[in-house]
Amino acid sequence: MWERVELKANAKAALSRYYWMAFAVCLVYSTINGAGAVGGNMLRLVIDLQNMGTITLTNAMQLGVVSASIIFGVVGLVLLFFVLNPLTVGLHRYFMESRTFKSDFGTLFYGFTGGRYWKNVGVMALVTVKITLWTLLLIVPGIIKGYEYYMVPYILAENDKIETNRIFELSKLMTDNEKMSIFVLHLSFIGWILLGVLLCGVGTLFVDPYIFATDAELYALMRAKSFALNFSDTNELVDFHPPIYGNAN
């Protein structure tokens, strides 16, 4: 049994060595993550203003709004599948490396290098599609599946040579009987997130490194669990070493 207080303490101790680099990594990640949503939010604002009677759109303008919505939707999906998802793998790689040594800012783009890009795109696309389909069916199963697949990007970041089905199997085994504890761990950040929102939303950028560092400690724990229960070993989960990243370029 693990304690979230201990995970957070370990994250704070590690983060004290590299906070500002982690902040820069999270800032770039959040900027790219938010880029796809900007256009859609602007369109929703226009539609809401029309519905409230604040503005009036002609038929031609309404057609333009619909067309723009479709375009922004497609662009958003392209960004998600081909940019943000591989970037997420690199983000987790960065925080896992930083637990034990000084990682490089370029690690954020790890998922795009070394011939691993399409593997990352494919596996992360499966995660996105599966969670979306489960959520469309029912919200709660979608949340449960989200936690079942939670370790997928970490496993990809550690060893992208593992077969896709095995990656999902490992994540499932790691999170078995852990989902509620992980949910409570994430729930414990609500206070920090609300404080960040109160600071015009900018404050959340300063909280992100703490959350990701804690998640890195969580994966390290789940990784150790996989060894203790003998459903994986160091031949499969090869650890996060500088030579692996260096050879990927």
# chains A, B, ... in the order shown; residues from 1 in each chain; ligands from 1
$ residues_around --residues "range 13-28 of chain A" --least-positions-apart "5" --cutoff "7 Å" --atoms "only C-alpha atoms" --output "list in words"
Arg99, Phe105, Leu108, Leu205, Phe206, Asp208, Pro209 and Ala213 of chain A
$ write_last_selection --atoms "C-alpha atoms" --output "short mmCIF file (atom, residue, chain, number, x, y, z; two decimals), in the first residue's frame"
data_model
loop_
_atom_site.label_atom_id
_atom_site.label_comp_id
_atom_site.auth_asym_id
_atom_site.auth_seq_id
_atom_site.Cartn_x
_atom_site.Cartn_y
_atom_site.Cartn_z
CA ARG A 99 13.90 11.92 -10.98
CA PHE A 105 14.66 20.34 -22.38
CA LEU A 108 10.00 16.94 -24.38
CA LEU A 205 1.20 26.73 -14.94
CA PHE A 206 3.19 26.82 -11.69
CA ASP A 208 1.68 21.61 -13.40
CA PRO A 209 5.30 20.60 -12.65
CA ALA A 213 6.45 15.12 -10.88
#
$ atom_distance --atom1 "CA of Pro86 in chain A" --atom2 "CA of Asn120 in chain A"
5.6 Å
$ select_by_dssp --residues "range 16-232 of chain A" --states "alpha helix (DSSP H)" --output "PyMOL selection string"
chain A and resi 19-51+59-79+85-98+117-137+139-148+152-158+164-175+179-187+190-198+203-228
$ residues_around --residues "Tyr94 in chain A" --least-positions-apart "3" --cutoff "8 Å" --atoms "only C-alpha atoms" --output "PDB file with N, CA and C atoms, in the first residue's frame"
ATOM      1  N   GLY A  90       6.911  12.398 -24.564  1.00  0.00           N
ATOM      2  CA  GLY A  90       8.151  13.099 -24.231  1.00  0.00           C
ATOM      3  C   GLY A  90       8.079  13.804 -22.890  1.00  0.00           C
ATOM      4  N   LEU A  91       6.925  14.369 -22.581  1.00  0.00           N
ATOM      5  CA  LEU A  91       6.732  15.045 -21.294  1.00  0.00           C
ATOM      6  C   LEU A  91       6.958  14.074 -20.138  1.00  0.00           C
ATOM      7  N   GLU A  97      13.080  10.922 -16.285  1.00  0.00           N
ATOM      8  CA  GLU A  97      14.531  11.119 -16.302  1.00  0.00           C
ATOM      9  C   GLU A  97      14.961  12.051 -15.175  1.00  0.00           C
ATOM     10  N   SER A  98      14.192  13.102 -14.967  1.00  0.00           N
ATOM     11  CA  SER A  98      14.561  14.127 -13.988  1.00  0.00           C
ATOM     12  C   SER A  98      14.520  13.628 -12.551  1.00  0.00           C
ATOM     13  N   SER A 103      17.772  16.127 -16.763  1.00  0.00           N
ATOM     14  CA  SER A 103      17.304  15.859 -18.121  1.00  0.00           C
ATOM     15  C   SER A 103      17.373  17.124 -18.961  1.00  0.00           C
ATOM     16  N   ASP A 104      17.363  16.936 -20.256  1.00  0.00           N
ATOM     17  CA  ASP A 104      17.462  18.047 -21.198  1.00  0.00           C
ATOM     18  C   ASP A 104      16.073  18.508 -21.615  1.00  0.00           C
ATOM     19  N   PHE A 105      15.939  19.806 -21.918  1.00  0.00           N
ATOM     20  CA  PHE A 105      14.656  20.343 -22.380  1.00  0.00           C
ATOM     21  C   PHE A 105      14.171  19.608 -23.627  1.00  0.00           C
ATOM     22  N   THR A 107      14.132  16.656 -24.298  1.00  0.00           N
ATOM     23  CA  THR A 107      13.456  15.388 -24.011  1.00  0.00           C
ATOM     24  C   THR A 107      11.954  15.505 -24.232  1.00  0.00           C
ATOM     25  N   LEU A 108      11.426  16.718 -24.121  1.00  0.00           N
ATOM     26  CA  LEU A 108      10.004  16.938 -24.384  1.00  0.00           C
ATOM     27  C   LEU A 108       9.624  16.424 -25.771  1.00  0.00           C
TER      28      LEU A 108
END
$ closest_atom_pairs --of "range 128-158 of chain A" --to "range 167-174 of chain A" --cutoff "6 Å" --atoms "only C-alpha atoms" --output "CSV"
residue,atom,partner,partner_atom,distance
A:Glu148,CA,A:Lys172,CA,5.1
A:Tyr149,CA,A:Ser171,CA,5.6
A:Met151,CA,A:Ser171,CA,5.0
A:Val152,CA,A:Ser171,CA,5.7
$ write_last_selection --atoms "N, CA and C atoms" --output "PDB file, in the first residue's frame"
ATOM      1  N   GLU A 148      -7.147   2.910 -16.297  1.00  0.00           N
ATOM      2  CA  GLU A 148      -6.562   1.629 -16.713  1.00  0.00           C
ATOM      3  C   GLU A 148      -5.436   1.848 -17.720  1.00  0.00           C
ATOM      4  N   TYR A 149      -5.614   2.831 -18.597  1.00  0.00           N
ATOM      5  CA  TYR A 149      -4.615   3.120 -19.625  1.00  0.00           C
ATOM      6  C   TYR A 149      -3.637   4.213 -19.192  1.00  0.00           C
ATOM      7  N   MET A 151      -0.934   4.440 -17.521  1.00  0.00           N
ATOM      8  CA  MET A 151       0.509   4.230 -17.580  1.00  0.00           C
ATOM      9  C   MET A 151       1.033   3.998 -18.998  1.00  0.00           C
ATOM     10  N   VAL A 152       0.147   3.976 -19.976  1.00  0.00           N
ATOM     11  CA  VAL A 152       0.563   3.709 -21.362  1.00  0.00           C
ATOM     12  C   VAL A 152       1.644   4.677 -21.845  1.00  0.00           C
TER      13      VAL A 152
END
$ closest_residue --among "A:Lys12, A:Lys130, A:Lys161, A:His92" --to "Tyr147 in chain A" --atoms "only C-alpha atoms"
A:Lys130
$ atom_distance --atom1 "CA of Glu178 in chain A" --atom2 "CA of Asn33 in chain A"
27.7 Å
